[in-house]
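Colleague: Once you've had a glance at the structure underneath, I'll fire off some questions.
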Amino acid sequence: MRNIQPKYEPDGLSQLIIPIDRLGATELVVERIKELLENGTLKAGSRLPTERELATMLGISRPTLRTALKALSVMGVINARPGAGTFIANSLPEIFNHPLHFMTLMSDTGINDIFQARLIIEPGLAELAAKNVSDVHLNTMNREIEAMSESLANPERFLKHDLRFHQTISRATGNKLMSGIMDNILQLLFQLRGQKHRDDDDLQGALTSHERIFRALSQRDGQRAKEVMARHLRTARRHWQS
């Protein structure tokens with residue numbers, strides 16, 4: 001049986017694609033494609049308009065479009081078939097189910113941006129967690145601290161337990177929205193770990209900071225938890241940037 005590829009309607013699609021501002025054009029092209037996937041205009045297996053048509057619809061140059069399409073190809077969202085055109089992948093990557101993670105990867109978010117976000121969010125989460133933390137959460141945090149202590153000679157393993165400790169704090173707040181946001185931020189930080197190789201003194205200092213945060217949470221002291229969390233994050237940011 002002949003394989004019939006899904007078709008698009010050029011006129012209909014051109015009405016749905018909004019021309020974009022050239023500032024940050026690559027990210028916005030990707031975002032437009034994502035929107036069309038989410039609202040069902042494009043589906044898995046759909047063929048995209050030609051490069052010339054798509055560039056005209058979006059009001060951008062073809063080189064800018066090519067850069068965006070290359071980004072989508074690397075992420076596994078589209079694939080080019082010689083002689084047939086460019087198609088949406090039959091199976092979309094998991095990243096499309098995590099909008100914040102998608103956005104940060106596309107905008108080239110750096111260490112400073114991540115720690116700035118953490119300094120705004122996490123001290124408040126620590127304060128809230130002190131009010132709502134359960135013994136189960138405290139036991140989990142304690143195990144992560146013990147694992148960090150055993151991983152001082154292995155920075156990557158240490159970081160895994162470090163981030164799990166912080167994830168447990170966000171979950172201890174009982175706020176699922178904030179917990180989800182923190183999961184995305186911490187996962188991105190873990191992906192950027194190659195930019196910084198922490199030394200033993202750095203890890204020992206981080207371990208001590210986590211112990212202080214844990215004590216404040218154990219005592220249900222929200223103000224103290226907020227203060228030591230902020231101090232820890234400022235120190236961590238200096239180490240990551242040094």
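By convention here, the chains of the structure tokens are called A, B, ... in the order presented, each chain's residues are numbered starting at 1, and ligands are numbered starting at 1 in the order presented.
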DSSP says alpha helix (DSSP H) for which residues of region 29-73 of chain A? Put them as a PyMOL selection string?
Modeller: chain A and resi 29-38+51-58+62-73
Colleague: Would you pick out the contacts of region 113-126 of chain A at 7 Å or less, using only C-alpha atoms, so that residues sharing its chain but fewer than 4 positions from it are not included, and give the list as JSON, numbers by chain?
Modeller: {"A": [109, 130, 169, 170, 173, 185, 222, 225, 226, 227, 229, 230, 233, 237]}
Colleague: Output N, CA and C atoms of each residue in that selection to a file, as an mmCIF file, in the first residue's frame.
Modeller:
```cif
data_model
loop_
_atom_site.group_PDB
_atom_site.id
_atom_site.type_symbol
_atom_site.label_atom_id
_atom_site.label_comp_id
_atom_site.auth_asym_id
_atom_site.auth_seq_id
_atom_site.Cartn_x
_atom_site.Cartn_y
_atom_site.Cartn_z
ATOM 1 N N THR A 109 19.505 29.718 28.700
ATOM 2 C CA THR A 109 19.569 30.142 30.092
ATOM 3 C C THR A 109 20.904 29.734 30.705
ATOM 4 N N ALA A 130 8.943 24.850 56.316
ATOM 5 C CA ALA A 130 9.106 24.712 57.775
ATOM 6 C C ALA A 130 7.756 24.570 58.478
ATOM 7 N N ILE A 169 12.531 19.710 49.678
ATOM 8 C CA ILE A 169 12.041 20.921 50.355
ATOM 9 C C ILE A 169 10.848 21.503 49.602
ATOM 10 N N SER A 170 10.950 21.591 48.290
ATOM 11 C CA SER A 170 9.841 22.165 47.519
ATOM 12 C C SER A 170 8.591 21.300 47.649
ATOM 13 N N THR A 173 6.517 21.753 50.900
ATOM 14 C CA THR A 173 5.625 22.918 51.022
ATOM 15 C C THR A 173 4.172 22.531 50.811
ATOM 16 N N ILE A 185 13.758 23.813 37.171
ATOM 17 C CA ILE A 185 14.940 24.643 37.395
ATOM 18 C C ILE A 185 16.130 23.795 37.823
ATOM 19 N N GLY A 222 10.617 28.815 60.369
ATOM 20 C CA GLY A 222 10.504 29.315 59.008
ATOM 21 C C GLY A 222 11.445 30.462 58.696
ATOM 22 N N ALA A 225 14.967 29.126 58.410
ATOM 23 C CA ALA A 225 15.103 28.344 57.181
ATOM 24 C C ALA A 225 15.244 29.257 55.966
ATOM 25 N N LYS A 226 14.470 30.329 55.966
ATOM 26 C CA LYS A 226 14.530 31.297 54.862
ATOM 27 C C LYS A 226 15.905 31.954 54.792
ATOM 28 N N GLU A 227 16.434 32.355 55.947
ATOM 29 C CA GLU A 227 17.730 33.050 55.989
ATOM 30 C C GLU A 227 18.879 32.137 55.572
ATOM 31 N N MET A 229 18.759 29.422 53.815
ATOM 32 C CA MET A 229 18.620 29.046 52.402
ATOM 33 C C MET A 229 19.165 30.145 51.505
ATOM 34 N N ALA A 230 18.811 31.399 51.793
ATOM 35 C CA ALA A 230 19.296 32.511 50.978
ATOM 36 C C ALA A 230 20.821 32.603 51.047
ATOM 37 N N LEU A 233 22.393 29.789 48.936
ATOM 38 C CA LEU A 233 22.292 30.001 47.494
ATOM 39 C C LEU A 233 23.251 31.086 47.011
ATOM 40 N N ARG A 237 26.113 30.273 44.339
ATOM 41 C CA ARG A 237 26.222 31.017 43.083
ATOM 42 C C ARG A 237 27.658 31.506 42.872
#
```
Colleague: Would you mind telling me which residue in A:Gln204, A:Asn112, A:Asn175, A:Thr64 lies nearest to Pro155 (chain A) when using only C-alpha atoms?
Modeller: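 Of A:Gln204, A:Asn112, A:Asn175, A:Thr64, the one nearest Pro155 (chain A) is A:Gln204, counting only C-alpha atoms.
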Colleague: Neighbours of region 144-154 of chain A within 10 Å (only C-alpha atoms; same-chain residues fewer than 5 positions away dropped), as an MDAnalysis selection string?
Modeller: chainID A and resid 138:139 159:166 168 198:204 206:208 210:211 214
Colleague: Enter the distance from CA of Ala172 (chain A) to CA of Leu186 (chain A), in Å, rounded to one decimal.
Modeller: 15.8 Å
Colleague: What does the distance from CA of Gln241 (chain A) to CA of Ile111 (chain A) come to in Å, to one decimal?
Modeller: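 It comes out at 7.4 Å.
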Colleague: Please determine, counting only C-alpha atoms, which residue among A:Glu38, A:Ala89, A:His137, A:Val30 has the shortest atom-to-atom distance to Lys70 (chain A).
Modeller: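 With only C-alpha atoms as the atom set, the closest residue is A:Val30.
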Colleague: Excluding Phe87 (chain A) and any residue of its chain fewer than 3 positions from it, enumerate the residues within 8 Å of it, using only C-alpha atoms, and give them as a list in words.
Modeller: Gly45, Ser46, Arg47, Leu48, Ile78, Asn79, Ala80 and Arg81 of chain A
Colleague: Would you mind exporting the chosen residues as an mmCIF file, in the first residue's frame, restricted to C-alpha atoms?
Modeller:
```
data_model
loop_
_atom_site.group_PDB
_atom_site.id
_atom_site.type_symbol
_atom_site.label_atom_id
_atom_site.label_comp_id
_atom_site.auth_asym_id
_atom_site.auth_seq_id
_atom_site.Cartn_x
_atom_site.Cartn_y
_atom_site.Cartn_z
ATOM 1 C CA GLY A 45 3.773 13.339 10.802
ATOM 2 C CA SER A 46 2.501 16.620 9.293
ATOM 3 C CA ARG A 47 4.527 18.135 6.464
ATOM 4 C CA LEU A 48 5.642 21.711 6.974
ATOM 5 C CA ILE A 78 11.159 17.697 12.957
ATOM 6 C CA ASN A 79 13.036 15.674 10.383
ATOM 7 C CA ALA A 80 13.883 16.375 6.754
ATOM 8 C CA ARG A 81 13.250 13.753 4.088
#
```
Colleague: When you draw a straight line from CA of Thr140 (chain A) to CA of His232 (chain A), how long is it in Å?
Modeller: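 We find that CA of Thr140 (chain A) and CA of His232 (chain A) lie 19.6 Å from each other.
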